[in-house]
Each structure stands twice: as structure tokens, then as C-alpha cells.
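For reference, the structure is listed below as C-alpha cells.
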Amino acid sequence: MKENIPDVRPDYDKPNYDANNIAPYTLEDPLTFLDGTKVANAEEWQKRRQEILDIFAKEMFGQEPPPPEELVIDLVEEKSDALAGFAVRSQYKMYFRKDKTGPSVNWLVLRPRYAKKPVPPILFLNYRGNHELIYDEEVIIPDMWVRYNNHVPPKERGVMCDPNQNTYLPISMILSAGYAVISASYGEVSSDPEPHNPNAGCMPESFAYNGVFELWGERDESRTDNITAIGAWAWALSRGIDMVEKIPQLDAKKCILTGCSRLGKAALLAAARDERVWACVPVQCGGGGATLAKRDFGENIATEMYYFPHWYCKAYKKYERNPAQLLTFDQHLLVAAVAPRKLLIAGFDSPWFDTEGEYLACRAAGCAWELCSKEGFPDVPYPADYETSAIGRDFGYYRRSEEHGIAAFDWLQLLEFVKE
């Protein structure tokens, strides 16, 4: 009954934008096992890291999807002089069964044509199709359901090359810096329906679990830790790494993940789960990503479970009334689970995203890097917009203003951070 559950705020189901309403909270020590013993060294950290991942699988993101029974990767086409001759453009179709039945995903790979050795790949999921990344009539337009666009992909080729857009891909700059770009559309992995769509057939509860969810059989609705949409998108990023390992021109030991907003959450989860990720730069991932849920500022568990119930497992809902008291974990632990690999959290200075909560999560997680003989989080105050003082060699944070999306400024920080 509700009267037996303490409410931190009477209107807990609405976002809080008043810092005075943040209830006192305590964060769990990343370096203490659940049984109370301390993590002594980097070897024990791996055991604690798995303990943390098990918590998030049970309580928030659902169980990690199993590997596919087979991974079939077909090269659909390749152009050796794309983008004014500076790039090799390759398009791959990925299947998850030997007979190529069931779901599939289209990947676009752009790599520097004149590279003399394997190059590090930057992998991310895009929102509306690979054709939006570059101006190229040969890039495949996917046949998939797309949010906010009458459920069909727009034919806006190369829109991400327009610097006037909130999300911008400076592809020439990235290739010139010696990196490859690899992307697939998250809608091909699993649809992401609008919250409370008036079309009953497109409600999250009935429409979200399509695409690759076909591979995992019928959902057991009695479980509270079923595979979630964020878990599926993270799984797809790992399948992208599988593909990288089969392309000799790419350096599979230097895989970099990024993504914006919900796809930043997916990138962070994928990096925590998959140790093949060398570096991760989630951009504006906010609540459910790197932001502390116990702060209950801006987006919170109640709004997340109301608007995006397919992103999280059912178990997460039980914490919404009083996260400060009820939660036995928080996002700083997920952030720490990436250690000792490179991680840069890119915040968005909008109250809904509570980027100060991201900064505080980073401060609480830095001890994991230090335990593994890496640089911890820089000991600096909460930085102003566009300041880079909190970006360290292995772990860092910055925030910016303007619009929601991956801007040129974000790409510049990413390239500087992963540069050796």
C-alpha cells in the first residue's frame, strides 16, 4: 500500500527543479562488495564490477541479451573513393541466424582511404537511418518504423552534415584525424515508440519489443528483469564490435563508443558490459545514464517509468516514490563499471538532464580508476559550461549549453580525449 512507502515528495511523479527539495542521500562505495568487504586490488575489482553489472541487470536494465546463435555479415557494397576520394564507404548487412531469417541490421562503415595501418573505429547508433549521416545516394534507406515521422524513415540524405542541425557529424574532420565511423539505426534493432502513443498498436508495452527481440523468444511477463530496449541497443553496439573484429582495416583493440541521449545511455551500458570497448563518450545521457537518481532532480525514476517503460525493467519502478531512501545502488556504480577503460561524460546544461548529478556521479566513481592504477577523476569544482578542467587522461566530464544533440564541440572533445 502507498501509505507504507515513504514519499520523498508528495508530487514524486513530477520533475523537481528546486535544489532545496533534494533529500539527503548516501552513495554506495564502488570499492565495497555487497557483503561489506573492501576491494583490495584490480583483480578483485573485476569481481566487484560483475557484482555491479548483476545489480543493474536485476534492478534496472534487465538481463543482458545472450549472444546470437550465429553472426552472418554480408558486404553489400563498397566504394573505394567516397567523400571526395578521402574515404572508403562500405555497407554491411548483419544477420543473427545462419539461414539469414529473422531480424537484420544495416551498418555503414566509413574509413580513411589513405590510412597506412588499422584505424580506431567510432561506433554509434543513429536515430533515423544511415542515409542521414552523409550526402550519398547509394547509402541504403532502411525499411523501418521511425518515431515522429509517420512511422517511415525520412529521405533527408546527409542531414547530419549540416552544421545548423543540433546533431552534426563532421565526417571529414573525423576521417582526417585517423578514425573510422561506424553506425546503424537503432530503429532496426528495436522500435522506440512515442510515450503514450494514441495509436494503441504503437504503445511501448505492446510495440517496443520487436526487431532483435524475436531472437530471444516469448517474454515472460511475470519476470521483473526482462531484457529492455536500452539493453537491446547496447547489445547491438557489441555486435558492431563483433563486425569490427572481422574487418582488418579497423583496430578492434581501440573501439570507441558514443551516442546521444537514450543512445548515450545505451553506449554507457554497452561499455560497462563489454570489456572490448576501449573508450566511451556518452553525450547528454542524463537520467538513467550517468545522472544520480537519488538526487531526484529533473528527470526522475517516476517520469522515466511513465514515459519510457520499455527502456527499463519492471523492477526499477519500485524505487520511484523515494529514490533517496529506497535505492540500494545508483548510476555512479554503472559509471565505475567502465573502469579502467577511458570514459568521458558529456553533460547538457538543461535542468531535465541534471548534469550536476552526472558530475557528482563521476566524482563518486573515480576511485575505481585509481584502484586500477589509472588517473582518477580530476579534483576540480563543478565546471562551468565549455570548461575542460574536469577532463582527465582516462576519465572526465564536461558540460555545455545550446541545443540537445551531438555538436561539433562534442566531437572535438571526443577526438582530444581518445588521442594518444
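Residues are referred to by chain and number: the chain letter is A, B, ... according to the order shown in the C-alpha cells, the number counts from 1 in that chain, and ligands are numbered separately from 1 in the order shown.
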
Need to verify the contact set: segment 179-182 of chain A, 12 Å, only C-alpha atoms, exclusion of same-chain residues closer than 5 positions in sequence. Can you return it as a ChimeraX atom specification? /A:86-92,106-115,117-126,130,133-134,169-174,237,239-241,243-244,247,249-252,254-259,411,414-415,418-419

Write out as a list in words each polymer residue whose atoms come within 6 Å of Tyr397 of chain A, counting only C-alpha atoms; drop sequence neighbours fewer than 6 positions from it. Leu344, Ile345, Ala346, Ala390 and Ile391 of chain A

What are the nearest atom pairs, with distances in Å to one decimal, for all residues of segment 190-304 of chain A that come at most 12 Å from segment 13-24 of chain A, using only C-alpha atoms, set out by chain and rising residue number as JSON lines?
```
{"residue": "A:Gly287", "atom": "CA", "partner": "A:Pro15", "partner_atom": "CA", "distance": 11.2}
{"residue": "A:Leu292", "atom": "CA", "partner": "A:Ile22", "partner_atom": "CA", "distance": 11.5}
{"residue": "A:Ala293", "atom": "CA", "partner": "A:Ile22", "partner_atom": "CA", "distance": 10.8}
{"residue": "A:Lys294", "atom": "CA", "partner": "A:Ala23", "partner_atom": "CA", "distance": 8.2}
{"residue": "A:Arg295", "atom": "CA", "partner": "A:Ile22", "partner_atom": "CA", "distance": 5.8}
{"residue": "A:Asp296", "atom": "CA", "partner": "A:Ile22", "partner_atom": "CA", "distance": 6.4}
{"residue": "A:Phe297", "atom": "CA", "partner": "A:Asn16", "partner_atom": "CA", "distance": 5.0}
{"residue": "A:Gly298", "atom": "CA", "partner": "A:Pro15", "partner_atom": "CA", "distance": 4.8}
{"residue": "A:Glu299", "atom": "CA", "partner": "A:Pro15", "partner_atom": "CA", "distance": 5.6}
{"residue": "A:Asn300", "atom": "CA", "partner": "A:Pro15", "partner_atom": "CA", "distance": 6.4}
{"residue": "A:Ile301", "atom": "CA", "partner": "A:Asp13", "partner_atom": "CA", "distance": 8.2}
{"residue": "A:Ala302", "atom": "CA", "partner": "A:Asp13", "partner_atom": "CA", "distance": 5.0}
{"residue": "A:Thr303", "atom": "CA", "partner": "A:Asp13", "partner_atom": "CA", "distance": 6.1}
{"residue": "A:Glu304", "atom": "CA", "partner": "A:Asp13", "partner_atom": "CA", "distance": 9.5}
```

Env of Leu31 of chain A: 10 Å cut, atoms = only C-alpha atoms, seq-sep filter 6 positions within chain, self excluded. Answer as a ChimeraX atom specification. /A:37-41,44-45,48-49,333,336,365,367-368,371

What's around Met305 of chain A at 12 Å? Count only C-alpha atoms, leave out sequence neighbours fewer than 2 positions away in its own chain, and write the answer as JSON, numbers by chain. {"A": [13, 14, 60, 61, 195, 196, 204, 205, 287, 288, 299, 300, 301, 302, 303, 307, 308, 309, 310, 311, 312, 313, 314, 315, 316, 317, 318, 319, 320, 321]}

Using only C-alpha atoms, the best pick from A:Pro30, A:Pro340, A:Gly36, A:Pro103 as closest to Leu53 of chain A would be A:Pro30

Counting only C-alpha atoms, what is within 9 Å of Gly129 of chain A, bar same-chain residues fewer than 6 positions away, as number ranges by chain? A: 140-142, 144, 153-154, 183-188

Using only C-alpha atoms, please write the residues we just selected to a file, as a CSV table (one decimal), in the first residue's frame.
```
chain,number,residue,atom,x,y,z
A,140,ILE,CA,20.6,2.4,-48.1
A,141,ILE,CA,17.5,3.9,-46.6
A,142,PRO,CA,16.2,1.4,-44.1
A,144,MET,CA,11.8,0.5,-40.5
A,153,PRO,CA,12.1,7.0,-42.5
A,154,PRO,CA,12.6,10.5,-43.9
A,183,SER,CA,26.8,3.4,-37.5
A,184,ALA,CA,23.5,1.6,-37.7
A,185,SER,CA,20.0,2.9,-36.9
A,186,TYR,CA,18.6,1.9,-33.5
A,187,GLY,CA,15.1,1.5,-35.1
A,188,GLU,CA,16.4,-1.5,-37.0
```

How far is it from atom CA of Asp54 of chain A to atom CA of Arg399 of chain A, in Å with one decimal?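 A separation of 29.8 Å between them.
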
Long-range neighbours of Glu402 of chain A as a ChimeraX atom specification, 9 Å cut-off, only C-alpha atoms, 3 positions minimum in chain: /A:166,348-349

So which one's closest to Val338 of chain A, A:Ala384, A:Val281, A:Ala271, A:Leu412? Using only C-alpha atoms, please.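 Between A:Ala384, A:Val281, A:Ala271, A:Leu412, the residue approaching Val338 of chain A most closely is A:Ala271.
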
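Closest approach to Glu356 of chain A among A:Tyr398, A:Tyr135, A:Trp233, A:Phe33 is made by A:Tyr398 (distances from only C-alpha atoms).
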
Which of segment 227-301 of chain A end up as alpha helix (DSSP H) when DSSP is run on this backbone - answer as a list in words?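 Of segment 227-301 of chain A, only Ala229, Ile230, Gly231, Ala232, Trp233, Ala234, Trp235, Ala236, Leu237, Ser238, Arg239, Gly240, Ile241, Asp242, Met243, Val244, Arg262, Leu263, Gly264, Lys265, Ala266, Ala267, Leu268, Leu269, Ala270, Ala271, Ala272, Arg273 and Ile301 of chain A fall in alpha helix (DSSP H).
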
Saved selection, atoms kept: N, CA and C atoms, as a PDB file, in the first residue's frame:
```pdb
ATOM      1  N   ALA A 229      14.730  -2.298 -23.913  1.00  0.00           N
ATOM      2  CA  ALA A 229      15.139  -1.663 -25.165  1.00  0.00           C
ATOM      3  C   ALA A 229      16.566  -1.123 -25.065  1.00  0.00           C
ATOM      4  N   ILE A 230      16.896  -0.465 -23.956  1.00  0.00           N
ATOM      5  CA  ILE A 230      18.264   0.032 -23.798  1.00  0.00           C
ATOM      6  C   ILE A 230      19.245  -1.126 -23.813  1.00  0.00           C
ATOM      7  N   GLY A 231      18.870  -2.230 -23.176  1.00  0.00           N
ATOM      8  CA  GLY A 231      19.722  -3.413 -23.203  1.00  0.00           C
ATOM      9  C   GLY A 231      19.912  -3.952 -24.609  1.00  0.00           C
ATOM     10  N   ALA A 232      18.854  -3.900 -25.421  1.00  0.00           N
ATOM     11  CA  ALA A 232      18.953  -4.383 -26.805  1.00  0.00           C
ATOM     12  C   ALA A 232      19.839  -3.468 -27.644  1.00  0.00           C
ATOM     13  N   TRP A 233      19.714  -2.157 -27.453  1.00  0.00           N
ATOM     14  CA  TRP A 233      20.560  -1.231 -28.220  1.00  0.00           C
ATOM     15  C   TRP A 233      22.028  -1.388 -27.816  1.00  0.00           C
ATOM     16  N   ALA A 234      22.275  -1.602 -26.520  1.00  0.00           N
ATOM     17  CA  ALA A 234      23.650  -1.849 -26.068  1.00  0.00           C
ATOM     18  C   ALA A 234      24.189  -3.133 -26.682  1.00  0.00           C
ATOM     19  N   TRP A 235      23.344  -4.157 -26.736  1.00  0.00           N
ATOM     20  CA  TRP A 235      23.712  -5.444 -27.341  1.00  0.00           C
ATOM     21  C   TRP A 235      24.095  -5.241 -28.806  1.00  0.00           C
ATOM     22  N   ALA A 236      23.376  -4.395 -29.510  1.00  0.00           N
ATOM     23  CA  ALA A 236      23.673  -4.144 -30.925  1.00  0.00           C
ATOM     24  C   ALA A 236      25.038  -3.496 -31.090  1.00  0.00           C
ATOM     25  N   LEU A 237      25.405  -2.608 -30.179  1.00  0.00           N
ATOM     26  CA  LEU A 237      26.727  -1.997 -30.252  1.00  0.00           C
ATOM     27  C   LEU A 237      27.816  -3.057 -30.093  1.00  0.00           C
ATOM     28  N   SER A 238      27.572  -4.027 -29.232  1.00  0.00           N
ATOM     29  CA  SER A 238      28.542  -5.120 -29.099  1.00  0.00           C
ATOM     30  C   SER A 238      28.620  -5.956 -30.366  1.00  0.00           C
ATOM     31  N   ARG A 239      27.506  -6.095 -31.062  1.00  0.00           N
ATOM     32  CA  ARG A 239      27.544  -6.820 -32.345  1.00  0.00           C
ATOM     33  C   ARG A 239      28.325  -5.997 -33.380  1.00  0.00           C
ATOM     34  N   GLY A 240      28.274  -4.673 -33.254  1.00  0.00           N
ATOM     35  CA  GLY A 240      29.107  -3.837 -34.112  1.00  0.00           C
ATOM     36  C   GLY A 240      30.584  -4.092 -33.867  1.00  0.00           C
ATOM     37  N   ILE A 241      30.956  -4.303 -32.593  1.00  0.00           N
ATOM     38  CA  ILE A 241      32.342  -4.639 -32.285  1.00  0.00           C
ATOM     39  C   ILE A 241      32.704  -5.999 -32.869  1.00  0.00           C
ATOM     40  N   ASP A 242      31.759  -6.945 -32.827  1.00  0.00           N
ATOM     41  CA  ASP A 242      31.991  -8.241 -33.484  1.00  0.00           C
ATOM     42  C   ASP A 242      32.372  -8.041 -34.946  1.00  0.00           C
ATOM     43  N   MET A 243      31.661  -7.133 -35.607  1.00  0.00           N
ATOM     44  CA  MET A 243      31.932  -6.862 -37.020  1.00  0.00           C
ATOM     45  C   MET A 243      33.304  -6.218 -37.193  1.00  0.00           C
ATOM     46  N   VAL A 244      33.640  -5.278 -36.330  1.00  0.00           N
ATOM     47  CA  VAL A 244      34.945  -4.624 -36.399  1.00  0.00           C
ATOM     48  C   VAL A 244      36.068  -5.653 -36.350  1.00  0.00           C
ATOM     49  N   ARG A 262      19.175   8.891 -25.245  1.00  0.00           N
ATOM     50  CA  ARG A 262      18.904   7.479 -24.950  1.00  0.00           C
ATOM     51  C   ARG A 262      19.971   6.570 -25.548  1.00  0.00           C
ATOM     52  N   LEU A 263      20.547   6.992 -26.675  1.00  0.00           N
ATOM     53  CA  LEU A 263      21.595   6.182 -27.289  1.00  0.00           C
ATOM     54  C   LEU A 263      22.934   6.416 -26.607  1.00  0.00           C
ATOM     55  N   GLY A 264      23.059   7.506 -25.839  1.00  0.00           N
ATOM     56  CA  GLY A 264      24.196   7.663 -24.940  1.00  0.00           C
ATOM     57  C   GLY A 264      24.073   6.720 -23.752  1.00  0.00           C
ATOM     58  N   LYS A 265      22.845   6.540 -23.247  1.00  0.00           N
ATOM     59  CA  LYS A 265      22.621   5.562 -22.190  1.00  0.00           C
ATOM     60  C   LYS A 265      23.023   4.170 -22.674  1.00  0.00           C
ATOM     61  N   ALA A 266      22.623   3.848 -23.903  1.00  0.00           N
ATOM     62  CA  ALA A 266      22.955   2.535 -24.459  1.00  0.00           C
ATOM     63  C   ALA A 266      24.458   2.360 -24.615  1.00  0.00           C
ATOM     64  N   ALA A 267      25.148   3.420 -25.041  1.00  0.00           N
ATOM     65  CA  ALA A 267      26.602   3.346 -25.186  1.00  0.00           C
ATOM     66  C   ALA A 267      27.269   3.129 -23.839  1.00  0.00           C
ATOM     67  N   LEU A 268      26.797   3.823 -22.809  1.00  0.00           N
ATOM     68  CA  LEU A 268      27.368   3.671 -21.467  1.00  0.00           C
ATOM     69  C   LEU A 268      27.149   2.248 -20.961  1.00  0.00           C
ATOM     70  N   LEU A 269      25.951   1.713 -21.143  1.00  0.00           N
ATOM     71  CA  LEU A 269      25.671   0.350 -20.699  1.00  0.00           C
ATOM     72  C   LEU A 269      26.519  -0.656 -21.470  1.00  0.00           C
ATOM     73  N   ALA A 270      26.640  -0.459 -22.772  1.00  0.00           N
ATOM     74  CA  ALA A 270      27.457  -1.365 -23.576  1.00  0.00           C
ATOM     75  C   ALA A 270      28.908  -1.341 -23.119  1.00  0.00           C
ATOM     76  N   ALA A 271      29.424  -0.158 -22.814  1.00  0.00           N
ATOM     77  CA  ALA A 271      30.808  -0.047 -22.357  1.00  0.00           C
ATOM     78  C   ALA A 271      30.997  -0.717 -21.006  1.00  0.00           C
ATOM     79  N   ALA A 272      30.006  -0.598 -20.134  1.00  0.00           N
ATOM     80  CA  ALA A 272      30.097  -1.249 -18.829  1.00  0.00           C
ATOM     81  C   ALA A 272      30.098  -2.763 -18.975  1.00  0.00           C
ATOM     82  N   ARG A 273      29.300  -3.270 -19.898  1.00  0.00           N
ATOM     83  CA  ARG A 273      29.149  -4.726 -20.045  1.00  0.00           C
ATOM     84  C   ARG A 273      30.237  -5.366 -20.901  1.00  0.00           C
ATOM     85  N   ILE A 301      12.962   8.730 -11.677  1.00  0.00           N
ATOM     86  CA  ILE A 301      12.529   7.356 -11.948  1.00  0.00           C
ATOM     87  C   ILE A 301      11.053   7.313 -12.312  1.00  0.00           C
TER      88      ILE A 301
END
```

Can you list, as a PyMOL selection string, all residues belonging to segment 145-394 of chain A that DSSP tags as strand (DSSP E or B)? chain A and resi 180-185+250+255-260+277-283+298+342-348+391

Please produce a file of those selected residues containing N, CA and C atoms, as an mmCIF file, in the first residue's frame.
```cif
data_model
loop_
_atom_site.group_PDB
_atom_site.id
_atom_site.type_symbol
_atom_site.label_atom_id
_atom_site.label_comp_id
_atom_site.auth_asym_id
_atom_site.auth_seq_id
_atom_site.Cartn_x
_atom_site.Cartn_y
_atom_site.Cartn_z
ATOM 1 N N ALA A 180 37.765 5.784 -38.080
ATOM 2 C CA ALA A 180 36.645 5.318 -38.884
ATOM 3 C C ALA A 180 35.344 5.617 -38.142
ATOM 4 N N VAL A 181 34.267 5.734 -38.887
ATOM 5 C CA VAL A 181 32.933 5.936 -38.317
ATOM 6 C C VAL A 181 32.059 4.759 -38.714
ATOM 7 N N ILE A 182 31.390 4.181 -37.727
ATOM 8 C CA ILE A 182 30.524 3.014 -37.963
ATOM 9 C C ILE A 182 29.182 3.277 -37.290
ATOM 10 N N SER A 183 28.107 3.083 -38.033
ATOM 11 C CA SER A 183 26.802 3.383 -37.455
ATOM 12 C C SER A 183 25.719 2.492 -38.048
ATOM 13 N N ALA A 184 24.688 2.288 -37.243
ATOM 14 C CA ALA A 184 23.460 1.616 -37.670
ATOM 15 C C ALA A 184 22.312 2.334 -36.986
ATOM 16 N N SER A 185 21.114 2.173 -37.515
ATOM 17 C CA SER A 185 19.969 2.851 -36.924
ATOM 18 C C SER A 185 19.353 2.016 -35.808
ATOM 19 N N LEU A 250 40.408 -2.098 -39.584
ATOM 20 C CA LEU A 250 39.979 -1.438 -38.355
ATOM 21 C C LEU A 250 40.733 -2.021 -37.158
ATOM 22 N N CYS A 255 38.247 0.267 -29.951
ATOM 23 C CA CYS A 255 36.853 0.602 -30.244
ATOM 24 C C CYS A 255 36.356 1.703 -29.314
ATOM 25 N N ILE A 256 35.758 2.723 -29.904
ATOM 26 C CA ILE A 256 35.235 3.880 -29.174
ATOM 27 C C ILE A 256 33.722 3.931 -29.378
ATOM 28 N N LEU A 257 32.978 3.992 -28.296
ATOM 29 C CA LEU A 257 31.520 4.094 -28.387
ATOM 30 C C LEU A 257 31.072 5.498 -28.026
ATOM 31 N N THR A 258 30.060 5.970 -28.749
ATOM 32 C CA THR A 258 29.403 7.215 -28.375
ATOM 33 C C THR A 258 27.924 7.094 -28.707
ATOM 34 N N GLY A 259 27.193 8.155 -28.498
ATOM 35 C CA GLY A 259 25.755 8.165 -28.732
ATOM 36 C C GLY A 259 25.163 9.303 -27.932
ATOM 37 N N CYS A 260 24.000 9.777 -28.339
ATOM 38 C CA CYS A 260 23.375 10.928 -27.690
ATOM 39 C C CYS A 260 22.050 10.549 -27.044
ATOM 40 N N VAL A 277 35.344 -2.627 -25.300
ATOM 41 C CA VAL A 277 35.249 -1.184 -25.521
ATOM 42 C C VAL A 277 36.484 -0.531 -24.912
ATOM 43 N N TRP A 278 37.227 0.197 -25.731
ATOM 44 C CA TRP A 278 38.443 0.868 -25.270
ATOM 45 C C TRP A 278 38.126 2.227 -24.663
ATOM 46 N N ALA A 279 37.168 2.917 -25.234
ATOM 47 C CA ALA A 279 36.784 4.241 -24.736
ATOM 48 C C ALA A 279 35.310 4.465 -25.011
ATOM 49 N N CYS A 280 34.683 5.258 -24.136
ATOM 50 C CA CYS A 280 33.261 5.561 -24.299
ATOM 51 C C CYS A 280 33.021 7.030 -24.001
ATOM 52 N N VAL A 281 32.237 7.688 -24.862
ATOM 53 C CA VAL A 281 31.888 9.096 -24.679
ATOM 54 C C VAL A 281 30.378 9.250 -24.861
ATOM 55 N N PRO A 282 29.588 8.949 -23.811
ATOM 56 C CA PRO A 282 28.140 9.158 -23.899
ATOM 57 C C PRO A 282 27.816 10.647 -23.807
ATOM 58 N N VAL A 283 27.014 11.132 -24.735
ATOM 59 C CA VAL A 283 26.719 12.561 -24.826
ATOM 60 C C VAL A 283 25.293 12.814 -24.339
ATOM 61 N N GLY A 298 15.142 17.029 -11.842
ATOM 62 C CA GLY A 298 14.843 16.887 -13.265
ATOM 63 C C GLY A 298 14.194 15.543 -13.543
ATOM 64 N N LYS A 342 38.743 4.079 -20.767
ATOM 65 C CA LYS A 342 38.567 5.523 -20.876
ATOM 66 C C LYS A 342 37.077 5.887 -20.953
ATOM 67 N N LEU A 343 36.695 6.899 -20.200
ATOM 68 C CA LEU A 343 35.296 7.327 -20.162
ATOM 69 C C LEU A 343 35.234 8.845 -20.030
ATOM 70 N N LEU A 344 34.474 9.465 -20.924
ATOM 71 C CA LEU A 344 34.226 10.906 -20.869
ATOM 72 C C LEU A 344 32.723 11.135 -20.888
ATOM 73 N N ILE A 345 32.189 11.714 -19.830
ATOM 74 C CA ILE A 345 30.763 12.026 -19.724
ATOM 75 C C ILE A 345 30.546 13.446 -20.241
ATOM 76 N N ALA A 346 29.698 13.584 -21.247
ATOM 77 C CA ALA A 346 29.414 14.884 -21.858
ATOM 78 C C ALA A 346 28.028 15.342 -21.424
ATOM 79 N N GLY A 347 27.965 16.351 -20.566
ATOM 80 C CA GLY A 347 26.705 16.799 -19.990
ATOM 81 C C GLY A 347 26.015 17.883 -20.796
ATOM 82 N N PHE A 348 24.726 18.039 -20.535
ATOM 83 C CA PHE A 348 23.897 19.038 -21.211
ATOM 84 C C PHE A 348 23.271 19.929 -20.155
ATOM 85 N N ILE A 391 38.294 17.209 -17.397
ATOM 86 C CA ILE A 391 38.623 16.134 -18.331
ATOM 87 C C ILE A 391 40.043 15.662 -18.049
#
```

Using only C-alpha atoms, pick whichever of A:Asp35, A:Glu194, A:Glu78, A:Glu70 has the shortest atom-to-atom distance to Gly102 of chain A.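 Using only C-alpha atoms, Gly102 of chain A sits closest to A:Glu70.
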